[in-house]
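Before any comments, here is the structure.
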Amino acid sequence: MSSVVAQVAVSAATFHIDKPYDYLVPPELVNKALSGVRVLVPFGRGNKMSEGVILTLKIADDVTKLKTVDSLIDEKPILSAENLKLALWMSDRFFCTVYDALRSMMPAKVSSKRKKKEKEHKAANADDIRLSKEQQVVYDELLPLLDSNTPEAALLYGVTGSGKTLVYIKLIKAALSSDKTAIVLVPEIALTPQTVSIFSSHFGDAVAVLHSALANGQRYDEWKRIHDADVRVVVGTRSAVFAPLTNIGLIVIDEEQEYTYKSGNPPRYHAREIAKYRITHSSGLLLMASATPSVDSMYAAKTGKYSLLNLKNRFNERELPPVLVVDMKKELATGNDSSISSVLRDELEKNINAGEQSILFINRRGANPVVACGECGFTYKCLHCSVSMTYHISNKRLLCHYCGYSIPTPESCPECSGKLKYIGTGTQKVEVELNELFPDVKIIRMEADTTSRVNSHKKLLSDFRKQKAQILLGTQMVTKGLDFENVTLVGVISADLSLYMSDYRSNEKTFSLITQVVGRSGRGEKPGRAIIQTFTPEHKVISLASNQDYDGFYESEISIRQLLGSPPVRDLIALTTIGSNESKVAASCSRLKASLQGYFRGDSSIKLLGPAPTAVSKVNNQYRYRLLVNCVNNKRVREVIAHVIKQFARDNLNRGVTVIADADVYD
C-alpha cells in the first residue's frame with residue numbers, strides 16, 4: 001500500500017551529512033503535512049527529536065525502514081515555495097545546510113498578540129515629493145528599469161546629502177502604483193527609527209520594520225503583517241531581505257558598501273546576493289546606493305553589469321564641507337598628548353558658543369585598548385583569545401571584546417608590581433577628555449556599550465535631534481545616514497585606526513568611514529566643516545578622503561586589486577579550520593590544502609594561499625587557521641570545495657577540528 005513520505009531538511013544535520021531526509025507521514029497528519037511546514041522528527045542513532053522543514057512530499061511503497069514524523073509545529077506553511085527554492089540555492093552558494101538557510105527566513109518562535117486590522121494602507125501627502133533637476137534625471141532613468149518586467153540592477157552614486165532617499169520614495173510610489181511591493185535595507189539598527197519615520201510619513205500603515213533589536217513578539221507581529229500582505233513596504237537591516245513579500249518590484253540597499261550587510265554566522269550570506277536572487281525571480285529592480293560605493297559594486301557598474309547613475313550635488317545646493325587635516329605628530333611636539341587636537345578643541349568651542357552641534361567619530365569603544373606595565377612590559381591579554389583586553393572606565397574593568405571575558409582592573413603589574421600604563425584611545429577616554437574641556441556641555445556617547453537595550457538607539461538619536469546634547473560621540477554607527485540640520489562640525493579623532501588592518505579592504509573601509517562621517521556636517525541651512533586628525537597626513541587614502549575624491553580613490557584601489565588579483569577582479573573563498581589544539585588545527589588546514597591541490601591540479605587559474613593563522617588566531621579557546629582559494633567562484637569550484645569539506649569531516653585525523661567555508665570573506 002502506498003504511503004505519503006516527506007522529505008525534510010533537519011536542523012540537527014551538519015553540513016557534511018546535509019541532505020533531504022525521508023520520513024513517513026502518519027495518516028492523521030497527511031492533510032496538514034505540507035511543504036513549508038515545520039515538523040518534529042526523530043534523528044540520529046538516539047532518535048533525539050529535532051526540528052525540520054518539509055521540502056517536498058512524495059508517494060512511496062516501501063516505507064518499512066523509514067522513521068515517522070512525530071508532530072507538526074505549524075498548522076499551515078510558514079515558508080513558501082520561493083523560500084524553499086532560495087534555501088536550496090543558498091546551501092550551494094554559501095556552504096550552509098538547507099535548514100540554516102531556511103532558519104534565516106523563519107519568524108520568531110512566539111505566538112502573535114496583535115489584533116487583526118482591516119487591510120488599509122493610509123499614506124500622507126501622496127504627491128509631496130519634489131525632486132531637484134538632477135534627482136529628476138536620475139528618477140527618469142530608473143523608472144524604465146522598474147517598469148521593464150525584467151530583472152534589473154543599478155548603482156546610484158550620490159554624494160552625501162544629495163537626497164537619495166527622495167528618489168527611493170518616488171520609486172516606491174511607482175512600484176506600489178503597479179501593485180508591486182518594496183524592501184529598503186539600511187546597514188545599522190541605529191538608522192531604522194529615522195528611516196521608518198521618513199517612510200511611514202509617506203506610506204502610513206503600509207510600512208513594516210524588521211531588525212534584530214526588536215523583541216521576539218514585535219518581530220513576529222511584523223513578520224505576520226508582511227506574511228498576511230497587510231503591508232507593502234518593509235524597512236530593516238540585513239535580515240529584512242528575507243521579508244515574506246510577494247511580487248517584489250524594488251529592493252533598495254542604502255549605504256550598500258557597508259560590511260554589516262554580510263552575515264558572519266551560518267548562513268554566511270551577503271544581503272546583496274539574496275536581493276539579486278529575489279529580484280531575478282520577481283523581475284524587479286535592485287537599486288544599490290552610496291556616496292562611497294563598494295569597489296565591488298563600482299567595478300560591476302563600470303564593466304556593464306549594473307546601470308550607473310550619479311547625483312553629484314547636494315540637495316540644498318550647498319558645497320560639501322571643507323576639510324582640515326590635523327597632523328597629530330605636531331600636536332605631540334607642542335606638548336598636547338590628548339586625543340583632542342588644539343584645532344578641534346577651538347572649533348568645538350565655537351560650535352558650543354554658537355548653539356550648534358558636533359559629531360565626533362572614533363572607531364574604537366572602551367577607554368584604552370591596551371593596559372601594560374611601564375617597567376617590565378607585561379600586557380594584559382585575554383585568557384581565552386589572542387587579543388589585548390580593553391579598559392572600560394564605566395565599570396573599571398578590563399574586557400575582551402571578542403569573548404566577553406572580564407576582570408577588575410588591577411592596581412599594579414602582577415609580574416613586578418610596577419605602575420600600569422593605559423595606552424591608546426577609545427570612546428570612553430575621549431568622553432572623559434571632552435568633559436574636562438567642556439564641563440557644562442552635554443555629550444551623548446553612542447556605541448555598543450550604550451545601545452544594548454531595546455530602543456536605546458532611537459532614544460539617543462531623538463535626544464540629539466531635540467538638541468538635548470551638543471556633542472554626539474560614537475563609533476561607526478554615527479558615520480552614515482544620520483541627518484541633523486544643526487550639525488555643523490564633524491571630527492574624526494583617529495583616522496589611522498583602520499588603515500593597517502590585515503584586510504585587503506582596509507583602504508576601502510577607511511576611505512568610506514571618513515567620507516561618510518564628513519558628510520554628516522552642514523546638511524541644513526548652516527554651512528559645515530570637518531576636521532580629520534591623523535598621524536599620517538601624507539597617506540594617499542587620508543588625502544583622497546579629505547578631498548572627498550571617490551573617483552580618485554576608486555581608480556587607485558582598483559589598480560591595486562587588479563595587480564594582486566583580489567576581489568572584485570577575482571574571488572576569494574576562505575576555508576577556516578577551528579579547534580582547541582593549535583597544532584592539530586594547523587595540520588588539518590595543511591591536509592585541507594593538500595586535498596584541494598589534488599582536485600585542482602593542472603588548473604593554473606586557481607591559487608591556494610596559506611594556510612596561516614587568522615588575524616586573531618584564538619577566540620574563546622578555539623584556534624583558527626585559514627586557507628584562501630583565489631579563483632573564479634563558479635559551481636564547479638564550489639562543488640569541489642563542498643566535497644573536500646565533507647571528506648575532511650570523515651577523516652579521523654581531523655577529529656576535534658571543524659572547517660567552515662566563506663564564499664565572500666570580509667575579514
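Going by the C-alpha cells order, chains are called A, B, ..., each with residues numbered from 1, while ligands are numbered from 1 in the order shown.
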Could you name the residues that touch Leu142 in chain A at 12 Å or less, counting only C-alpha atoms, but leaving out those on the same chain fewer than 6 positions away, as number ranges by chain? A: 135-136, 148, 152-156, 167-168, 170-172, 174-175, 250, 284-288, 306-310
Extract the full set of helix (DSSP H, G or I) residues from range 18-160 of chain A according to DSSP on the backbone, and format it as a PDB file with N, CA, C and O atoms, in the first residue's frame.
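Once written, result11.pdb looks like this:
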ATOM      1  N   PRO A  27      -1.022   8.749   8.920  1.00  0.00           N
ATOM      2  CA  PRO A  27      -2.299   9.082   8.270  1.00  0.00           C
ATOM      3  C   PRO A  27      -2.995  10.296   8.856  1.00  0.00           C
ATOM      4  O   PRO A  27      -3.577  11.099   8.119  1.00  0.00           O
ATOM      5  N   GLU A  28      -2.938  10.468  10.179  1.00  0.00           N
ATOM      6  CA  GLU A  28      -3.662  11.571  10.799  1.00  0.00           C
ATOM      7  C   GLU A  28      -3.064  12.942  10.477  1.00  0.00           C
ATOM      8  O   GLU A  28      -3.683  13.983  10.725  1.00  0.00           O
ATOM      9  N   LEU A  29      -1.826  12.978   9.922  1.00  0.00           N
ATOM     10  CA  LEU A  29      -1.180  14.255   9.606  1.00  0.00           C
ATOM     11  C   LEU A  29      -1.097  14.533   8.108  1.00  0.00           C
ATOM     12  O   LEU A  29      -0.623  15.589   7.689  1.00  0.00           O
ATOM     13  N   ALA A  81       7.030  28.337  -1.502  1.00  0.00           N
ATOM     14  CA  ALA A  81       7.827  27.609  -2.491  1.00  0.00           C
ATOM     15  C   ALA A  81       9.066  28.410  -2.873  1.00  0.00           C
ATOM     16  O   ALA A  81      10.148  27.850  -3.088  1.00  0.00           O
ATOM     17  N   GLU A  82       8.918  29.746  -2.937  1.00  0.00           N
ATOM     18  CA  GLU A  82      10.075  30.603  -3.231  1.00  0.00           C
ATOM     19  C   GLU A  82      11.127  30.472  -2.140  1.00  0.00           C
ATOM     20  O   GLU A  82      12.329  30.392  -2.416  1.00  0.00           O
ATOM     21  N   ASN A  83      10.693  30.454  -0.876  1.00  0.00           N
ATOM     22  CA  ASN A  83      11.623  30.289   0.241  1.00  0.00           C
ATOM     23  C   ASN A  83      12.410  28.988   0.120  1.00  0.00           C
ATOM     24  O   ASN A  83      13.628  28.959   0.342  1.00  0.00           O
ATOM     25  N   LEU A  84      11.714  27.913  -0.210  1.00  0.00           N
ATOM     26  CA  LEU A  84      12.358  26.607  -0.296  1.00  0.00           C
ATOM     27  C   LEU A  84      13.387  26.576  -1.425  1.00  0.00           C
ATOM     28  O   LEU A  84      14.490  26.048  -1.261  1.00  0.00           O
ATOM     29  N   LYS A  85      13.053  27.188  -2.558  1.00  0.00           N
ATOM     30  CA  LYS A  85      13.996  27.249  -3.676  1.00  0.00           C
ATOM     31  C   LYS A  85      15.203  28.122  -3.317  1.00  0.00           C
ATOM     32  O   LYS A  85      16.347  27.793  -3.650  1.00  0.00           O
ATOM     33  N   LEU A  86      14.936  29.226  -2.643  1.00  0.00           N
ATOM     34  CA  LEU A  86      16.021  30.112  -2.224  1.00  0.00           C
ATOM     35  C   LEU A  86      16.969  29.391  -1.272  1.00  0.00           C
ATOM     36  O   LEU A  86      18.197  29.526  -1.367  1.00  0.00           O
ATOM     37  N   ALA A  87      16.425  28.616  -0.339  1.00  0.00           N
ATOM     38  CA  ALA A  87      17.253  27.881   0.625  1.00  0.00           C
ATOM     39  C   ALA A  87      18.166  26.882  -0.074  1.00  0.00           C
ATOM     40  O   ALA A  87      19.342  26.736   0.281  1.00  0.00           O
ATOM     41  N   LEU A  88      17.647  26.193  -1.083  1.00  0.00           N
ATOM     42  CA  LEU A  88      18.464  25.239  -1.832  1.00  0.00           C
ATOM     43  C   LEU A  88      19.591  25.962  -2.563  1.00  0.00           C
ATOM     44  O   LEU A  88      20.734  25.489  -2.612  1.00  0.00           O
ATOM     45  N   TRP A  89      19.272  27.130  -3.135  1.00  0.00           N
ATOM     46  CA  TRP A  89      20.298  27.936  -3.799  1.00  0.00           C
ATOM     47  C   TRP A  89      21.355  28.406  -2.801  1.00  0.00           C
ATOM     48  O   TRP A  89      22.563  28.359  -3.080  1.00  0.00           O
ATOM     49  N   MET A  90      20.915  28.859  -1.622  1.00  0.00           N
ATOM     50  CA  MET A  90      21.844  29.340  -0.599  1.00  0.00           C
ATOM     51  C   MET A  90      22.772  28.234  -0.113  1.00  0.00           C
ATOM     52  O   MET A  90      23.954  28.473   0.159  1.00  0.00           O
ATOM     53  N   SER A  91      22.258  27.013   0.033  1.00  0.00           N
ATOM     54  CA  SER A  91      23.089  25.914   0.529  1.00  0.00           C
ATOM     55  C   SER A  91      24.246  25.638  -0.420  1.00  0.00           C
ATOM     56  O   SER A  91      25.342  25.263   0.006  1.00  0.00           O
ATOM     57  N   ASP A  92      24.016  25.833  -1.705  1.00  0.00           N
ATOM     58  CA  ASP A  92      25.089  25.673  -2.688  1.00  0.00           C
ATOM     59  C   ASP A  92      26.012  26.885  -2.700  1.00  0.00           C
ATOM     60  O   ASP A  92      27.235  26.748  -2.722  1.00  0.00           O
ATOM     61  N   ARG A  93      25.454  28.063  -2.643  1.00  0.00           N
ATOM     62  CA  ARG A  93      26.236  29.299  -2.808  1.00  0.00           C
ATOM     63  C   ARG A  93      27.053  29.655  -1.578  1.00  0.00           C
ATOM     64  O   ARG A  93      28.164  30.188  -1.685  1.00  0.00           O
ATOM     65  N   VAL A  98      20.645  23.331   4.318  1.00  0.00           N
ATOM     66  CA  VAL A  98      19.366  23.875   3.840  1.00  0.00           C
ATOM     67  C   VAL A  98      18.576  24.435   5.013  1.00  0.00           C
ATOM     68  O   VAL A  98      17.943  25.495   4.902  1.00  0.00           O
ATOM     69  N   TYR A  99      18.635  23.758   6.158  1.00  0.00           N
ATOM     70  CA  TYR A  99      17.882  24.243   7.322  1.00  0.00           C
ATOM     71  C   TYR A  99      18.433  25.588   7.799  1.00  0.00           C
ATOM     72  O   TYR A  99      17.663  26.478   8.167  1.00  0.00           O
ATOM     73  N   ASP A 100      19.772  25.741   7.818  1.00  0.00           N
ATOM     74  CA  ASP A 100      20.346  27.033   8.214  1.00  0.00           C
ATOM     75  C   ASP A 100      19.812  28.157   7.333  1.00  0.00           C
ATOM     76  O   ASP A 100      19.510  29.252   7.814  1.00  0.00           O
ATOM     77  N   ALA A 101      19.722  27.883   6.043  1.00  0.00           N
ATOM     78  CA  ALA A 101      19.192  28.889   5.118  1.00  0.00           C
ATOM     79  C   ALA A 101      17.728  29.185   5.412  1.00  0.00           C
ATOM     80  O   ALA A 101      17.302  30.349   5.455  1.00  0.00           O
ATOM     81  N   LEU A 102      16.941  28.147   5.648  1.00  0.00           N
ATOM     82  CA  LEU A 102      15.516  28.334   5.945  1.00  0.00           C
ATOM     83  C   LEU A 102      15.303  29.085   7.254  1.00  0.00           C
ATOM     84  O   LEU A 102      14.379  29.896   7.376  1.00  0.00           O
ATOM     85  N   ARG A 103      16.170  28.827   8.214  1.00  0.00           N
ATOM     86  CA  ARG A 103      16.037  29.486   9.523  1.00  0.00           C
ATOM     87  C   ARG A 103      16.119  31.003   9.385  1.00  0.00           C
ATOM     88  O   ARG A 103      15.484  31.748  10.143  1.00  0.00           O
ATOM     89  N   LYS A 133      16.308  69.066 -10.171  1.00  0.00           N
ATOM     90  CA  LYS A 133      16.505  68.732 -11.589  1.00  0.00           C
ATOM     91  C   LYS A 133      17.387  67.499 -11.738  1.00  0.00           C
ATOM     92  O   LYS A 133      17.107  66.598 -12.545  1.00  0.00           O
ATOM     93  N   GLU A 134      18.445  67.447 -10.946  1.00  0.00           N
ATOM     94  CA  GLU A 134      19.373  66.316 -11.023  1.00  0.00           C
ATOM     95  C   GLU A 134      18.709  65.027 -10.540  1.00  0.00           C
ATOM     96  O   GLU A 134      18.858  63.965 -11.152  1.00  0.00           O
ATOM     97  N   GLN A 135      17.941  65.107  -9.432  1.00  0.00           N
ATOM     98  CA  GLN A 135      17.221  63.933  -8.939  1.00  0.00           C
ATOM     99  C   GLN A 135      16.203  63.444  -9.958  1.00  0.00           C
ATOM    100  O   GLN A 135      16.021  62.236 -10.143  1.00  0.00           O
ATOM    101  N   GLN A 136      15.521  64.382 -10.605  1.00  0.00           N
ATOM    102  CA  GLN A 136      14.512  64.013 -11.594  1.00  0.00           C
ATOM    103  C   GLN A 136      15.141  63.258 -12.763  1.00  0.00           C
ATOM    104  O   GLN A 136      14.562  62.289 -13.278  1.00  0.00           O
ATOM    105  N   VAL A 137      16.328  63.682 -13.173  1.00  0.00           N
ATOM    106  CA  VAL A 137      17.027  62.986 -14.256  1.00  0.00           C
ATOM    107  C   VAL A 137      17.315  61.538 -13.858  1.00  0.00           C
ATOM    108  O   VAL A 137      17.101  60.603 -14.639  1.00  0.00           O
ATOM    109  N   VAL A 138      17.785  61.361 -12.626  1.00  0.00           N
ATOM    110  CA  VAL A 138      18.079  60.010 -12.131  1.00  0.00           C
ATOM    111  C   VAL A 138      16.808  59.180 -12.056  1.00  0.00           C
ATOM    112  O   VAL A 138      16.770  58.017 -12.479  1.00  0.00           O
ATOM    113  N   TYR A 139      15.754  59.771 -11.507  1.00  0.00           N
ATOM    114  CA  TYR A 139      14.466  59.059 -11.404  1.00  0.00           C
ATOM    115  C   TYR A 139      13.955  58.650 -12.786  1.00  0.00           C
ATOM    116  O   TYR A 139      13.498  57.507 -12.982  1.00  0.00           O
ATOM    117  N   ASP A 140      14.061  59.550 -13.732  1.00  0.00           N
ATOM    118  CA  ASP A 140      13.581  59.267 -15.092  1.00  0.00           C
ATOM    119  C   ASP A 140      14.376  58.136 -15.746  1.00  0.00           C
ATOM    120  O   ASP A 140      13.857  57.416 -16.601  1.00  0.00           O
ATOM    121  N   GLU A 141      15.637  57.967 -15.336  1.00  0.00           N
ATOM    122  CA  GLU A 141      16.447  56.869 -15.873  1.00  0.00           C
ATOM    123  C   GLU A 141      16.126  55.548 -15.170  1.00  0.00           C
ATOM    124  O   GLU A 141      16.214  54.476 -15.778  1.00  0.00           O
ATOM    125  N   LEU A 142      15.735  55.635 -13.896  1.00  0.00           N
ATOM    126  CA  LEU A 142      15.447  54.422 -13.131  1.00  0.00           C
ATOM    127  C   LEU A 142      14.051  53.876 -13.396  1.00  0.00           C
ATOM    128  O   LEU A 142      13.829  52.662 -13.337  1.00  0.00           O
ATOM    129  N   LEU A 143      13.107  54.758 -13.666  1.00  0.00           N
ATOM    130  CA  LEU A 143      11.712  54.329 -13.830  1.00  0.00           C
ATOM    131  C   LEU A 143      11.541  53.269 -14.928  1.00  0.00           C
ATOM    132  O   LEU A 143      10.838  52.269 -14.704  1.00  0.00           O
ATOM    133  N   PRO A 144      12.159  53.419 -16.101  1.00  0.00           N
ATOM    134  CA  PRO A 144      12.017  52.361 -17.110  1.00  0.00           C
ATOM    135  C   PRO A 144      12.581  51.025 -16.649  1.00  0.00           C
ATOM    136  O   PRO A 144      12.080  49.967 -17.043  1.00  0.00           O
ATOM    137  N   LEU A 145      13.624  51.050 -15.813  1.00  0.00           N
ATOM    138  CA  LEU A 145      14.174  49.801 -15.279  1.00  0.00           C
ATOM    139  C   LEU A 145      13.172  49.141 -14.342  1.00  0.00           C
ATOM    140  O   LEU A 145      13.016  47.915 -14.333  1.00  0.00           O
ATOM    141  N   LEU A 146      12.476  49.978 -13.549  1.00  0.00           N
ATOM    142  CA  LEU A 146      11.457  49.470 -12.636  1.00  0.00           C
ATOM    143  C   LEU A 146      10.286  48.866 -13.402  1.00  0.00           C
ATOM    144  O   LEU A 146       9.711  47.850 -12.981  1.00  0.00           O
TER     145      LEU A 146
END
Go ahead and compute the interatomic distance for CA of Leu499 in chain A and CA of Phe511 in chain A, in Å to one decimal. 9.0 Å
If we count only C-alpha atoms and set the cut-off at 12 Å, which residues sit around Ile183 in chain A, ignoring sequence neighbours fewer than 6 positions away in its own chain? Please answer as JSON, numbers by chain. {"A": [168, 169, 171, 172, 175, 176, 196, 199, 206, 207, 208, 209, 210, 226, 231, 232, 233, 234, 235, 236, 237, 238, 239, 240, 241, 242, 243, 244, 245, 246, 247, 248, 249, 250, 251, 252, 253, 254, 271, 275, 278, 279, 284, 285, 286, 287, 288]}
At a cut-off of 12 Å, can you tabulate as a tab-separated table every residue of range 174-193 of chain A near range 455-468 of chain A together with its closest atom pair and the distance in Å to one decimal, using only C-alpha atoms and ordering rows by chain then number?
residue	atom	partner	partner_atom	distance
A:Glu188	CA	A:His457	CA	9.9
A:Ile189	CA	A:His457	CA	7.4
A:Ala190	CA	A:His457	CA	5.1
A:Leu191	CA	A:His457	CA	8.3
A:Thr192	CA	A:Lys458	CA	8.3
A:Pro193	CA	A:Lys458	CA	5.9
Tell me, in Å to one decimal, how far CA of Cys589 in chain A is from CA of Tyr259 in chain A. 26.5 Å
So that I can see what lies close to range 524-541 of chain A, please list as JSON, numbers by chain the residues with an atom at most 9 Å from it, counting only C-alpha atoms and leaving out residues fewer than 5 positions away in the same chain. {"A": [316, 318, 319, 320, 321, 322, 323, 324, 325, 326, 327, 328, 329, 330, 339, 340, 341, 343, 344, 347, 483, 484, 485, 486, 487, 488, 489, 490, 491, 492, 493, 494, 495, 496, 499, 507, 508, 510, 511, 514, 517, 518, 519, 546, 553]}
Neighbour list for range 561-574 of chain A as a VMD selection string, cut-off 6 Å, only C-alpha atoms, skip fewer than 3 positions in-chain: chain A and resid 296 558 627 to 633 661 to 663
Mind checking which residues fall within 9 Å of Phe600 in chain A, counting only C-alpha atoms, ignoring those fewer than 5 positions away in the same chain, and posting them as a list in words?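 Residues meeting the cut-off are Ser595, Ile606, Val637 and Val640 of chain A.
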Restricted to C-alpha atoms, what would the selected residues look like written as an mmCIF file, in the first residue's frame?
data_model
loop_
_atom_site.group_PDB
_atom_site.id
_atom_site.type_symbol
_atom_site.label_atom_id
_atom_site.label_comp_id
_atom_site.auth_asym_id
_atom_site.auth_seq_id
_atom_site.Cartn_x
_atom_site.Cartn_y
_atom_site.Cartn_z
ATOM 1 C CA SER A 595 43.357 17.654 -0.767
ATOM 2 C CA ILE A 606 43.132 28.552 -9.075
ATOM 3 C CA VAL A 637 34.759 25.208 -7.683
ATOM 4 C CA VAL A 640 34.875 20.569 -5.195
#
Run DSSP on the backbone and give me the residues of range 528-644 of chain A it puts in strand (DSSP E or B), as a PyMOL selection string. chain A and resi 529-534+571-579+607-619+622-631
Counting only C-alpha atoms, give me one row per residue of range 533-650 of chain A with an atom at most 10 Å from an atom of range 370-393 of chain A, showing the shortest contact pair and its distance in Å to one decimal, sorted by chain then residue number, as CSV.
residue,atom,partner,partner_atom,distance
A:Ala615,CA,A:Ser386,CA,9.3
A:Val616,CA,A:Ser386,CA,6.0
A:Ser617,CA,A:Ser386,CA,6.2
A:Lys618,CA,A:Cys385,CA,4.8
A:Val619,CA,A:Cys385,CA,4.4
A:Asn620,CA,A:His384,CA,4.7
A:Asn621,CA,A:His384,CA,4.7
A:Gln622,CA,A:Cys385,CA,8.0
A:Tyr623,CA,A:Cys385,CA,8.7
Residue nearest Lys421 in chain A among A:Ala108, A:Gln516, A:Asp551, A:Asn368 (counting only C-alpha atoms):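 Closest residue, counting only C-alpha atoms: A:Asn368.
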Show which residues sit within 6 Å of Val39 in chain A, as a CSV table (one decimal) with C-alpha atoms, in the first residue's frame. Count only C-alpha atoms, and ignore same-chain residues fewer than 2 positions away.
chain,number,residue,atom,x,y,z
A,51,GLU,CA,13.1,20.4,14.2
A,52,GLY,CA,12.8,20.2,10.5
A,53,VAL,CA,11.0,21.7,7.5
A,71,SER,CA,4.3,16.1,15.0
A,72,LEU,CA,3.7,19.3,13.2
A,73,ILE,CA,4.8,22.7,14.6
